[in-house]
$ cat target-v8.pdb   # PDB, C-alpha atoms
ATOM      1  CA  MET A   1     -12.070  -4.281  16.163
ATOM      2  CA  GLU A   2     -14.684  -6.367  14.358
ATOM      3  CA  THR A   3     -18.417  -5.803  14.148
ATOM      4  CA  PRO A   4     -20.539  -8.471  15.842
ATOM      5  CA  PRO A   5     -21.637 -11.340  13.579
ATOM      6  CA  ILE A   6     -24.956 -10.617  11.903
ATOM      7  CA  SER A   7     -27.984 -12.857  11.597
ATOM      8  CA  GLU A   8     -28.820 -14.562   8.324
ATOM      9  CA  PRO A   9     -31.895 -12.416   7.489
ATOM     10  CA  VAL A  10     -29.874  -9.226   7.940
ATOM     11  CA  PHE A  11     -27.019 -10.680   5.907
ATOM     12  CA  LEU A  12     -29.488 -11.362   3.094
ATOM     13  CA  ILE A  13     -30.984  -7.857   3.349
ATOM     14  CA  LEU A  14     -27.509  -6.340   3.020
ATOM     15  CA  LEU A  15     -26.737  -8.647   0.095
ATOM     16  CA  SER A  16     -29.995  -7.627  -1.544
ATOM     17  CA  LEU A  17     -28.949  -3.978  -1.374
ATOM     18  CA  ALA A  18     -25.374  -4.683  -2.470
ATOM     19  CA  MET A  19     -26.140  -4.559  -6.182
ATOM     20  CA  GLN A  20     -28.715  -1.794  -6.339
ATOM     21  CA  PRO A  21     -31.096   0.247  -4.183
ATOM     22  CA  ARG A  22     -34.374  -1.537  -3.495
ATOM     23  CA  HIS A  23     -37.631  -0.779  -1.741
ATOM     24  CA  GLY A  24     -39.193  -2.955   0.969
ATOM     25  CA  TYR A  25     -41.199  -5.353  -1.152
ATOM     26  CA  ALA A  26     -38.314  -5.902  -3.584
ATOM     27  CA  ILE A  27     -36.060  -6.755  -0.620
ATOM     28  CA  LEU A  28     -38.625  -9.302   0.619
ATOM     29  CA  ARG A  29     -38.750 -10.987  -2.778
ATOM     30  CA  ASP A  30     -34.992 -10.908  -3.251
ATOM     31  CA  THR A  31     -34.126 -12.397   0.155
ATOM     32  CA  GLU A  32     -36.591 -15.212  -0.475
ATOM     33  CA  GLU A  33     -35.117 -15.849  -3.901
ATOM     34  CA  MET A  34     -31.495 -15.776  -2.684
ATOM     35  CA  SER A  35     -32.226 -18.307   0.054
ATOM     36  CA  ASN A  36     -34.259 -20.563  -2.270
ATOM     37  CA  GLY A  37     -37.400 -19.841  -0.264
ATOM     38  CA  ARG A  38     -35.829 -20.797   3.061
ATOM     39  CA  VAL A  39     -35.806 -17.267   4.521
ATOM     40  CA  ARG A  40     -39.207 -15.637   4.197
ATOM     41  CA  LEU A  41     -39.240 -12.353   6.030
ATOM     42  CA  SER A  42     -42.465 -10.819   7.205
ATOM     43  CA  THR A  43     -42.971  -7.094   6.725
ATOM     44  CA  GLY A  44     -42.712  -6.492  10.488
ATOM     45  CA  THR A  45     -39.388  -8.312  10.701
ATOM     46  CA  LEU A  46     -38.031  -6.550   7.618
ATOM     47  CA  TYR A  47     -38.800  -3.079   8.925
ATOM     48  CA  GLY A  48     -37.399  -3.885  12.368
ATOM     49  CA  ALA A  49     -34.106  -4.756  10.678
ATOM     50  CA  LEU A  50     -34.232  -1.768   8.305
ATOM     51  CA  ARG A  51     -34.823   0.609  11.213
ATOM     52  CA  ARG A  52     -31.786  -0.730  13.037
ATOM     53  CA  LEU A  53     -29.610  -0.688   9.915
ATOM     54  CA  LEU A  54     -30.634   2.927   9.264
ATOM     55  CA  GLU A  55     -29.812   3.918  12.844
ATOM     56  CA  ASP A  56     -26.408   2.267  12.638
ATOM     57  CA  GLY A  57     -25.676   3.964   9.335
ATOM     58  CA  TRP A  58     -25.299   0.750   7.356
ATOM     59  CA  ILE A  59     -28.046   1.741   4.905
ATOM     60  CA  GLU A  60     -29.647   5.021   3.848
ATOM     61  CA  ARG A  61     -32.821   6.167   2.154
ATOM     62  CA  PHE A  62     -32.593   6.613  -1.585
ATOM     63  CA  GLU A  63     -34.902   8.929  -3.482
ATOM     64  CA  ASP A  64     -36.259   7.640  -6.783
ATOM     65  CA  GLU A  65     -39.434   7.955  -8.848
ATOM     66  CA  ASP A  66     -41.251   5.428  -6.617
ATOM     67  CA  THR A  67     -40.599   7.390  -3.403
ATOM     68  CA  SER A  68     -43.594   9.663  -3.950
ATOM     69  CA  ARG A  69     -45.830   6.575  -4.313
ATOM     70  CA  GLY A  70     -45.028   5.381  -0.803
ATOM     71  CA  LYS A  71     -42.256   3.064  -1.937
ATOM     72  CA  GLN A  72     -39.127   4.191  -0.155
ATOM     73  CA  ALA A  73     -35.936   2.696  -1.558
ATOM     74  CA  TYR A  74     -32.833   1.942   0.505
ATOM     75  CA  ARG A  75     -29.202   1.522  -0.426
ATOM     76  CA  LEU A  76     -26.012   0.437   1.288
ATOM     77  CA  THR A  77     -23.702   3.075   2.699
ATOM     78  CA  SER A  78     -19.944   2.640   2.438
ATOM     79  CA  LEU A  79     -19.961   1.557   6.100
ATOM     80  CA  GLY A  80     -22.638  -1.034   5.360
ATOM     81  CA  ARG A  81     -20.640  -2.305   2.394
ATOM     82  CA  ARG A  82     -17.501  -2.663   4.515
ATOM     83  CA  SER A  83     -19.484  -4.487   7.219
ATOM     84  CA  LEU A  84     -20.918  -6.822   4.597
ATOM     85  CA  GLN A  85     -17.440  -7.511   3.243
ATOM     86  CA  MET A  86     -16.249  -8.293   6.764
ATOM     87  CA  GLU A  87     -19.112 -10.742   7.267
ATOM     88  CA  ILE A  88     -18.389 -12.396   3.922
ATOM     89  CA  GLY A  89     -14.730 -12.716   4.943
ATOM     90  CA  ARG A  90     -15.766 -14.261   8.244
ATOM     91  CA  LEU A  91     -18.043 -16.770   6.523
ATOM     92  CA  LYS A  92     -15.329 -17.633   3.969
ATOM     93  CA  GLN A  93     -12.835 -18.306   6.756
ATOM     94  CA  LEU A  94     -15.397 -20.458   8.550
ATOM     95  CA  THR A  95     -16.239 -22.535   5.474
ATOM     96  CA  ARG A  96     -12.497 -22.924   4.709
ATOM     97  CA  VAL A  97     -11.902 -24.329   8.194
ATOM     98  CA  ALA A  98     -15.025 -26.497   7.920
ATOM     99  CA  SER A  99     -13.860 -27.919   4.583
ATOM    100  CA  LEU A 100     -10.402 -28.674   5.983
ATOM    101  CA  ARG A 101     -11.754 -30.343   9.112
ATOM    102  CA  THR A 102     -14.298 -32.488   7.317
ATOM    103  CA  ALA A 103     -11.748 -33.411   4.602
ATOM    104  CA  ARG A 104      -9.286 -34.611   7.291
ATOM    105  CA  LYS A 105     -11.977 -36.615   9.007
ATOM    106  CA  GLU A 106     -13.008 -38.274   5.755
ATOM    107  CA  SER A 107      -9.406 -39.145   4.803
TER     108      SER A 107
ATOM    109  CA  MET B   1     -56.958  -8.010   5.627
ATOM    110  CA  LEU B   2     -55.219  -4.689   5.077
ATOM    111  CA  LYS B   3     -57.558  -3.194   7.666
ATOM    112  CA  LEU B   4     -56.328  -5.746  10.202
ATOM    113  CA  TYR B   5     -52.709  -4.969   9.333
ATOM    114  CA  SER B   6     -53.476  -1.274   9.601
ATOM    115  CA  SER B   7     -54.972  -1.859  13.071
ATOM    116  CA  LEU B   8     -51.935  -3.887  14.130
ATOM    117  CA  LEU B   9     -49.704  -0.998  13.120
ATOM    118  CA  TYR B  10     -51.362   0.999  15.901
ATOM    119  CA  LEU B  11     -49.580  -1.285  18.359
ATOM    120  CA  TYR B  12     -46.274   0.267  17.285
ATOM    121  CA  PRO B  13     -45.003   3.435  18.962
ATOM    122  CA  ALA B  14     -46.443   6.543  17.284
ATOM    123  CA  SER B  15     -43.032   7.803  16.135
ATOM    124  CA  TYR B  16     -42.268   4.485  14.449
ATOM    125  CA  ARG B  17     -45.704   4.463  12.811
ATOM    126  CA  ARG B  18     -45.194   7.968  11.456
ATOM    127  CA  GLU B  19     -41.825   7.026  10.004
ATOM    128  CA  TYR B  20     -42.530   3.581   8.562
ATOM    129  CA  GLY B  21     -46.317   3.064   8.733
ATOM    130  CA  ASP B  22     -47.171   4.083   5.145
ATOM    131  CA  GLU B  23     -44.229   2.171   3.720
ATOM    132  CA  MET B  24     -45.160  -0.952   5.629
ATOM    133  CA  LEU B  25     -48.766  -0.722   4.466
ATOM    134  CA  SER B  26     -47.555  -0.329   0.896
ATOM    135  CA  VAL B  27     -45.406  -3.485   1.243
ATOM    136  CA  LEU B  28     -48.299  -5.356   2.865
ATOM    137  CA  ALA B  29     -50.567  -4.327  -0.033
ATOM    138  CA  SER B  30     -47.985  -5.710  -2.485
ATOM    139  CA  VAL B  31     -47.823  -8.945  -0.514
ATOM    140  CA  GLN B  32     -51.631  -9.175  -0.608
ATOM    141  CA  ALA B  33     -51.623  -8.675  -4.371
ATOM    142  CA  GLU B  34     -48.938 -11.358  -4.748
ATOM    143  CA  ILE B  35     -50.763 -14.037  -2.779
ATOM    144  CA  ARG B  36     -54.181 -13.366  -4.316
ATOM    145  CA  GLU B  37     -53.693 -16.071  -6.932
ATOM    146  CA  LYS B  38     -52.358 -18.669  -4.512
ATOM    147  CA  SER B  39     -54.324 -21.371  -2.723
ATOM    148  CA  VAL B  40     -56.466 -20.526   0.295
ATOM    149  CA  LEU B  41     -54.063 -22.413   2.545
ATOM    150  CA  ALA B  42     -51.036 -20.551   1.210
ATOM    151  CA  GLN B  43     -52.884 -17.253   1.606
ATOM    152  CA  ALA B  44     -53.842 -18.051   5.202
ATOM    153  CA  HIS B  45     -50.282 -19.122   5.995
ATOM    154  CA  ARG B  46     -48.801 -15.908   4.638
ATOM    155  CA  GLU B  47     -51.415 -13.721   6.314
ATOM    156  CA  VAL B  48     -50.836 -15.327   9.701
ATOM    157  CA  ARG B  49     -47.087 -14.915   9.254
ATOM    158  CA  GLU B  50     -47.504 -11.218   8.424
ATOM    159  CA  ALA B  51     -49.818 -10.662  11.402
ATOM    160  CA  VAL B  52     -47.425 -12.445  13.779
ATOM    161  CA  GLY B  53     -44.515 -10.475  12.299
ATOM    162  CA  LEU B  54     -46.332  -7.215  12.991
ATOM    163  CA  LEU B  55     -47.202  -8.268  16.548
ATOM    164  CA  HIS B  56     -43.624  -9.317  17.241
ATOM    165  CA  GLY B  57     -42.243  -6.157  15.662
ATOM    166  CA  ALA B  58     -44.637  -3.971  17.663
ATOM    167  CA  MET B  59     -43.610  -5.708  20.893
ATOM    168  CA  GLN B  60     -39.918  -5.181  20.153
ATOM    169  CA  GLU B  61     -40.381  -1.528  19.232
ATOM    170  CA  GLN B  62     -42.503  -0.849  22.324
ATOM    171  CA  LEU B  63     -39.868  -2.539  24.481
ATOM    172  CA  ARG B  64     -37.209  -0.447  22.808
ATOM    173  CA  SER B  65     -39.140   2.764  23.419
ATOM    174  CA  ILE B  66     -39.601   1.818  27.100
ATOM    175  CA  THR B  67     -36.101   0.542  27.903
ATOM    176  CA  GLY B  68     -34.215   2.724  25.435
ATOM    177  CA  SER B  69     -32.358  -0.399  24.379
ATOM    178  CA  HIS B  70     -31.899  -1.159  20.704
ATOM    179  CA  GLY B  71     -32.787  -4.806  21.150
ATOM    180  CA  ASN B  72     -30.673  -7.264  19.309
ATOM    181  CA  ALA B  73     -32.907  -8.503  16.549
ATOM    182  CA  MET B  74     -30.374  -8.064  13.791
ATOM    183  CA  PHE B  75     -27.297  -9.283  15.553
ATOM    184  CA  SER B  76     -27.776 -12.911  16.306
ATOM    185  CA  PRO B  77     -27.829 -13.319  20.112
ATOM    186  CA  ARG B  78     -26.720 -16.933  19.882
ATOM    187  CA  ARG B  79     -23.479 -15.741  18.381
ATOM    188  CA  MET B  80     -22.887 -13.005  20.924
ATOM    189  CA  PRO B  81     -19.200 -13.039  21.817
ATOM    190  CA  MET B  82     -18.257 -13.871  25.386
ATOM    191  CA  ARG B  83     -17.230 -10.906  27.459
ATOM    192  CA  HIS B  84     -14.577 -10.984  30.118
ATOM    193  CA  GLU B  85     -15.600  -8.065  32.255
ATOM    194  CA  TYR B  86     -17.927  -8.143  35.256
ATOM    195  CA  ARG B  87     -21.386  -8.719  33.804
ATOM    196  CA  PHE B  88     -23.714  -8.079  36.728
ATOM    197  CA  PRO B  89     -25.049  -4.575  37.198
ATOM    198  CA  LYS B  90     -25.442  -3.177  40.706
ATOM    199  CA  SER B  91     -29.236  -3.656  40.675
ATOM    200  CA  ALA B  92     -28.851  -7.418  40.122
ATOM    201  CA  ALA B  93     -26.298  -7.671  42.928
ATOM    202  CA  VAL B  94     -28.619  -5.749  45.313
ATOM    203  CA  LEU B  95     -31.629  -7.929  44.410
ATOM    204  CA  MET B  96     -29.673 -11.134  44.883
ATOM    205  CA  THR B  97     -28.403  -9.890  48.257
ATOM    206  CA  ILE B  98     -31.982  -9.143  49.357
ATOM    207  CA  ILE B  99     -33.080 -12.636  48.311
ATOM    208  CA  LEU B 100     -30.114 -14.196  50.139
ATOM    209  CA  VAL B 101     -30.916 -12.243  53.332
ATOM    210  CA  ALA B 102     -34.589 -13.318  53.078
ATOM    211  CA  VAL B 103     -33.584 -16.977  52.711
ATOM    212  CA  LEU B 104     -31.124 -16.799  55.643
ATOM    213  CA  PHE B 105     -33.760 -15.049  57.796
ATOM    214  CA  THR B 106     -36.324 -17.765  56.983
ATOM    215  CA  ILE B 107     -33.841 -20.522  57.896
ATOM    216  CA  GLU B 108     -33.032 -18.754  61.158
ATOM    217  CA  LYS B 109     -36.734 -18.425  62.066
ATOM    218  CA  ALA B 110     -37.387 -22.061  61.200
ATOM    219  CA  GLU B 111     -34.550 -23.159  63.488
ATOM    220  CA  THR B 112     -35.911 -20.983  66.315
ATOM    221  CA  VAL B 113     -39.369 -22.517  65.958
ATOM    222  CA  SER B 114     -37.978 -26.066  65.835
ATOM    223  CA  HIS B 115     -35.944 -25.428  69.028
ATOM    224  CA  ALA B 116     -38.927 -23.871  70.804
ATOM    225  CA  TYR B 117     -41.092 -26.910  70.096
ATOM    226  CA  ALA B 118     -38.341 -29.546  70.511
ATOM    227  CA  ASN B 119     -39.662 -30.698  73.882
ATOM    228  CA  TYR B 120     -43.265 -29.675  73.422
ATOM    229  CA  ASP B 121     -45.675 -31.844  75.371
ATOM    230  CA  GLY B 122     -48.628 -29.511  75.843
ATOM    231  CA  GLY B 123     -51.052 -31.662  73.919
ATOM    232  CA  PRO B 124     -51.822 -31.749  70.243
ATOM    233  CA  LEU B 125     -51.059 -28.650  68.197
ATOM    234  CA  ILE B 126     -54.106 -26.796  66.978
ATOM    235  CA  TRP B 127     -54.013 -26.459  63.220
ATOM    236  CA  VAL B 128     -55.328 -23.265  61.783
ATOM    237  CA  GLU B 129     -58.134 -24.066  59.396
ATOM    238  CA  ILE B 130     -57.772 -22.254  56.098
ATOM    239  CA  SER B 131     -60.574 -22.597  53.588
ATOM    240  CA  VAL B 132     -59.922 -23.065  49.901
ATOM    241  CA  LEU B 133     -60.413 -19.510  48.632
ATOM    242  CA  PRO B 134     -58.108 -17.687  51.097
ATOM    243  CA  ALA B 135     -55.511 -20.444  50.631
ATOM    244  CA  PHE B 136     -55.722 -19.989  46.875
ATOM    245  CA  LEU B 137     -55.364 -16.218  47.217
ATOM    246  CA  ILE B 138     -52.382 -16.566  49.528
ATOM    247  CA  ALA B 139     -50.731 -18.990  47.098
ATOM    248  CA  LEU B 140     -51.468 -16.588  44.247
ATOM    249  CA  VAL B 141     -49.918 -13.642  46.071
ATOM    250  CA  LEU B 142     -46.845 -15.672  47.026
ATOM    251  CA  ALA B 143     -46.422 -16.946  43.471
ATOM    252  CA  GLY B 144     -46.794 -13.381  42.190
ATOM    253  CA  ALA B 145     -44.152 -12.118  44.607
ATOM    254  CA  VAL B 146     -41.715 -14.867  43.598
ATOM    255  CA  ALA B 147     -42.389 -14.222  39.915
ATOM    256  CA  ALA B 148     -41.846 -10.473  40.387
ATOM    257  CA  MET B 149     -38.517 -11.100  42.111
ATOM    258  CA  GLY B 150     -37.470 -13.544  39.409
ATOM    259  CA  TRP B 151     -38.504 -11.116  36.706
ATOM    260  CA  ALA B 152     -36.541  -8.303  38.372
ATOM    261  CA  VAL B 153     -33.375 -10.413  38.470
ATOM    262  CA  ILE B 154     -33.817 -11.592  34.870
ATOM    263  CA  TYR B 155     -34.577  -8.052  33.737
ATOM    264  CA  ALA B 156     -31.448  -6.761  35.443
ATOM    265  CA  LEU B 157     -29.338  -9.540  33.910
ATOM    266  CA  ARG B 158     -30.914  -9.012  30.515
ATOM    267  CA  ARG B 159     -30.024  -5.357  30.611
ATOM    268  CA  SER B 160     -26.475  -6.253  31.501
ATOM    269  CA  GLY B 161     -26.062  -8.213  28.278
ATOM    270  CA  ILE B 162     -28.303  -6.653  25.669
ATOM    271  CA  HIS B 163     -27.956  -3.136  26.990
ATOM    272  CA  ARG B 164     -24.169  -3.278  26.809
ATOM    273  CA  MET B 165     -24.230  -4.930  23.401
ATOM    274  CA  SER B 166     -26.471  -2.158  22.137
ATOM    275  CA  GLU B 167     -23.930   0.386  23.305
ATOM    276  CA  VAL B 168     -21.441  -1.113  20.888
ATOM    277  CA  ASN B 169     -21.821   1.148  17.903
ATOM    278  CA  PRO B 170     -20.531  -0.766  14.881
ATOM    279  CA  SER B 171     -19.646   2.452  13.081
ATOM    280  CA  ASN B 172     -17.467   3.728  15.946
ATOM    281  CA  ALA B 173     -15.998   0.299  16.523
ATOM    282  CA  GLN B 174     -15.034  -0.025  12.911
ATOM    283  CA  ARG B 175     -13.621   3.466  12.664
ATOM    284  CA  SER B 176     -11.452   2.912  15.708
ATOM    285  CA  GLY B 177     -10.339  -0.435  14.310
ATOM    286  CA  ARG B 178      -9.019   1.029  11.104
TER     287      ARG B 178
END
$ encode --input "target-v8.pdb" --output "structure tokens"
Amino acid sequence: METPPISEPVFLILLSLAMQPRHGYAILRDTEEMSNGRVRLSTGTLYGALRRLLEDGWIERFEDEDTSRGKQAYRLTSLGRRSLQMEIGRLKQLTRVASLRTARKES
Amino acid sequence: MLKLYSSLLYLYPASYRREYGDEMLSVLASVQAEIREKSVLAQAHREVREAVGLLHGAMQEQLRSITGSHGNAMFSPRRMPMRHEYRFPKSAAVLMTIILVAVLFTIEKAETVSHAYANYDGGPLIWVEISVLPAFLIALVLAGAVAAMGWAVIYALRRSGIHRMSEVNPSNAQRSGR
């Protein structure tokens, strides 16, 4: 059974945590950078998504030297990584079909 | 501005505020520091966006604490897969039945009245004079009642979709799929 498709902001949050643990502000900056400024999350939206991801076990809190300064870092769990891989696979399949369809139409 | 953000955080449920409040304020302080060197317009734009984000987030979290539903902010509702099973909960079916009975009853009464006055020749009918204020109040009450019924049906339908989607635990689903 597949997980439901995820929204673009959440996809970007997961991608942001795929390489290394990050705290809230770093996630905000990274998602904006990855989307070339198209997706600009507000703090309220970010924490709504983080809360849900934590509850579903896709991410977890990560203790580092910044934690004591009120900067809680988060990292992907193995479940979150698998879910991200599934979403990437889904998007790849979709773009493959899209390329084929548009190529046929053009020819 | 941080004071305003801090006040807006009080709109969130207390448990949420305890868990994420300090972190959110820390992020908001970083955002404030970042935009300090930008133009006034850019600053205003970002500040409004943050304030609206907090208001929207608070509304969603309050709704979640009231309904117990997760909400579906992260999973895009527009891409929600179609479901084959019966979607209407019992409450929606009961409400729709009540509305149907009310409509049928009104039609029946209207027919009775039209039959009773089909051959009426007792002079002109006396219209009941209703002044503006009572008429306005009656219209207001009727509109309120209709809105409440509509809201109840929509609420019941909403719970049928979102509520069931929120019961789908991705972790369990994935484990069972492997």
$ residues_around --input "target-v8.pdb" --residues "Arg29 of chain A" --least-positions-apart "3" --cutoff "10 Å" --atoms "all atoms listed in the file" --output "ChimeraX atom specification"
/A:16,24-26,32-34,37,40-41 /B:31
$ atom_distance --input "target-v8.pdb" --atom1 "atom CA of Leu46 of chain A" --atom2 "atom CA of Ala18 of chain A"
16.3 Å
$ resolve_selection --input "target-v8.pdb" --expression "the PyMOL selection byres ((chain A) within 8 of (chain B))" --output "PyMOL selection string"
chain A and resi 1-7+9-10+24-25+42-45+47-49+52+56-57+70-72+79
$ residues_near_point --input "target-v8.pdb" --point "(-24.5, -4.6, -5.8)" --cutoff "12 Å" --atoms "only C-alpha atoms" --output "PDB file with C-alpha atoms, in the coordinates of the input"
ATOM      1  CA  ILE A  13     -30.984  -7.857   3.349  1.00  0.00           C
ATOM      2  CA  LEU A  14     -27.509  -6.340   3.020  1.00  0.00           C
ATOM      3  CA  LEU A  15     -26.737  -8.647   0.095  1.00  0.00           C
ATOM      4  CA  SER A  16     -29.995  -7.627  -1.544  1.00  0.00           C
ATOM      5  CA  LEU A  17     -28.949  -3.978  -1.374  1.00  0.00           C
ATOM      6  CA  ALA A  18     -25.374  -4.683  -2.470  1.00  0.00           C
ATOM      7  CA  MET A  19     -26.140  -4.559  -6.182  1.00  0.00           C
ATOM      8  CA  GLN A  20     -28.715  -1.794  -6.339  1.00  0.00           C
ATOM      9  CA  PRO A  21     -31.096   0.247  -4.183  1.00  0.00           C
ATOM     10  CA  ARG A  22     -34.374  -1.537  -3.495  1.00  0.00           C
ATOM     11  CA  ARG A  75     -29.202   1.522  -0.426  1.00  0.00           C
ATOM     12  CA  LEU A  76     -26.012   0.437   1.288  1.00  0.00           C
ATOM     13  CA  THR A  77     -23.702   3.075   2.699  1.00  0.00           C
ATOM     14  CA  SER A  78     -19.944   2.640   2.438  1.00  0.00           C
ATOM     15  CA  GLY A  80     -22.638  -1.034   5.360  1.00  0.00           C
ATOM     16  CA  ARG A  81     -20.640  -2.305   2.394  1.00  0.00           C
ATOM     17  CA  LEU A  84     -20.918  -6.822   4.597  1.00  0.00           C
ATOM     18  CA  GLN A  85     -17.440  -7.511   3.243  1.00  0.00           C
TER      19      GLN A  85
END
$ atom_distance --input "target-v8.pdb" --atom1 "atom CA of Val153 of chain B" --atom2 "atom CA of Leu95 of chain B"
6.7 Å
$ build_atoms --input "target-v8.pdb" --residues "segment 8-34 of chain A" --atoms "N, CA and C atoms" --output "mmCIF file, keeping the file's coordinate frame"
data_model
loop_
_atom_site.group_PDB
_atom_site.id
_atom_site.type_symbol
_atom_site.label_atom_id
_atom_site.label_comp_id
_atom_site.auth_asym_id
_atom_site.auth_seq_id
_atom_site.Cartn_x
_atom_site.Cartn_y
_atom_site.Cartn_z
ATOM 1 N N GLU A 8 -28.666 -14.234 9.743
ATOM 2 C CA GLU A 8 -28.820 -14.562 8.324
ATOM 3 C C GLU A 8 -29.805 -13.627 7.597
ATOM 4 N N PRO A 9 -30.994 -13.334 8.188
ATOM 5 C CA PRO A 9 -31.895 -12.416 7.489
ATOM 6 C C PRO A 9 -31.255 -11.065 7.192
ATOM 7 N N VAL A 10 -30.506 -10.530 8.156
ATOM 8 C CA VAL A 10 -29.874 -9.226 7.940
ATOM 9 C C VAL A 10 -28.775 -9.333 6.887
ATOM 10 N N PHE A 11 -28.052 -10.440 6.918
ATOM 11 C CA PHE A 11 -27.019 -10.680 5.907
ATOM 12 C C PHE A 11 -27.659 -10.660 4.505
ATOM 13 N N LEU A 12 -28.802 -11.310 4.388
ATOM 14 C CA LEU A 12 -29.488 -11.362 3.094
ATOM 15 C C LEU A 12 -30.029 -9.984 2.686
ATOM 16 N N ILE A 13 -30.495 -9.214 3.658
ATOM 17 C CA ILE A 13 -30.984 -7.857 3.349
ATOM 18 C C ILE A 13 -29.833 -7.012 2.801
ATOM 19 N N LEU A 14 -28.680 -7.106 3.468
ATOM 20 C CA LEU A 14 -27.509 -6.340 3.020
ATOM 21 C C LEU A 14 -27.080 -6.798 1.626
ATOM 22 N N LEU A 15 -27.103 -8.109 1.415
ATOM 23 C CA LEU A 15 -26.737 -8.647 0.095
ATOM 24 C C LEU A 15 -27.702 -8.143 -0.974
ATOM 25 N N SER A 16 -28.978 -8.073 -0.597
ATOM 26 C CA SER A 16 -29.995 -7.627 -1.544
ATOM 27 C C SER A 16 -29.740 -6.184 -1.987
ATOM 28 N N LEU A 17 -29.200 -5.387 -1.052
ATOM 29 C CA LEU A 17 -28.949 -3.978 -1.374
ATOM 30 C C LEU A 17 -27.552 -3.770 -1.953
ATOM 31 N N ALA A 18 -26.766 -4.835 -2.020
ATOM 32 C CA ALA A 18 -25.374 -4.683 -2.470
ATOM 33 C C ALA A 18 -25.293 -4.317 -3.945
ATOM 34 N N MET A 19 -26.223 -4.812 -4.742
ATOM 35 C CA MET A 19 -26.140 -4.559 -6.182
ATOM 36 C C MET A 19 -26.825 -3.265 -6.586
ATOM 37 N N GLN A 20 -27.948 -2.991 -5.952
ATOM 38 C CA GLN A 20 -28.715 -1.794 -6.339
ATOM 39 C C GLN A 20 -29.660 -1.395 -5.210
ATOM 40 N N PRO A 21 -30.109 -0.147 -5.200
ATOM 41 C CA PRO A 21 -31.096 0.247 -4.183
ATOM 42 C C PRO A 21 -32.409 -0.495 -4.437
ATOM 43 N N ARG A 22 -33.083 -0.837 -3.356
ATOM 44 C CA ARG A 22 -34.374 -1.537 -3.495
ATOM 45 C C ARG A 22 -35.347 -1.007 -2.451
ATOM 46 N N HIS A 23 -36.630 -1.129 -2.749
ATOM 47 C CA HIS A 23 -37.631 -0.779 -1.741
ATOM 48 C C HIS A 23 -38.065 -2.051 -1.001
ATOM 49 N N GLY A 24 -38.875 -1.863 0.046
ATOM 50 C CA GLY A 24 -39.193 -2.955 0.969
ATOM 51 C C GLY A 24 -39.664 -4.244 0.320
ATOM 52 N N TYR A 25 -40.642 -4.137 -0.559
ATOM 53 C CA TYR A 25 -41.199 -5.353 -1.152
ATOM 54 C C TYR A 25 -40.161 -6.083 -2.017
ATOM 55 N N ALA A 26 -39.359 -5.297 -2.743
ATOM 56 C CA ALA A 26 -38.314 -5.902 -3.584
ATOM 57 C C ALA A 26 -37.289 -6.635 -2.711
ATOM 58 N N ILE A 27 -37.001 -6.086 -1.541
ATOM 59 C CA ILE A 27 -36.060 -6.755 -0.620
ATOM 60 C C ILE A 27 -36.650 -8.089 -0.159
ATOM 61 N N LEU A 28 -37.955 -8.061 0.185
ATOM 62 C CA LEU A 28 -38.625 -9.302 0.619
ATOM 63 C C LEU A 28 -38.496 -10.398 -0.433
ATOM 64 N N ARG A 29 -38.798 -10.014 -1.681
ATOM 65 C CA ARG A 29 -38.750 -10.987 -2.778
ATOM 66 C C ARG A 29 -37.326 -11.495 -3.000
ATOM 67 N N ASP A 30 -36.379 -10.551 -2.942
ATOM 68 C CA ASP A 30 -34.992 -10.908 -3.251
ATOM 69 C C ASP A 30 -34.383 -11.830 -2.178
ATOM 70 N N THR A 31 -34.684 -11.551 -0.917
ATOM 71 C CA THR A 31 -34.126 -12.397 0.155
ATOM 72 C C THR A 31 -34.689 -13.815 0.046
ATOM 73 N N GLU A 32 -35.965 -13.898 -0.314
ATOM 74 C CA GLU A 32 -36.591 -15.212 -0.475
ATOM 75 C C GLU A 32 -35.958 -15.971 -1.640
ATOM 76 N N GLU A 33 -35.708 -15.235 -2.704
ATOM 77 C CA GLU A 33 -35.117 -15.849 -3.901
ATOM 78 C C GLU A 33 -33.680 -16.300 -3.621
ATOM 79 N N MET A 34 -32.895 -15.439 -2.962
ATOM 80 C CA MET A 34 -31.495 -15.776 -2.684
ATOM 81 C C MET A 34 -31.359 -17.009 -1.796
#
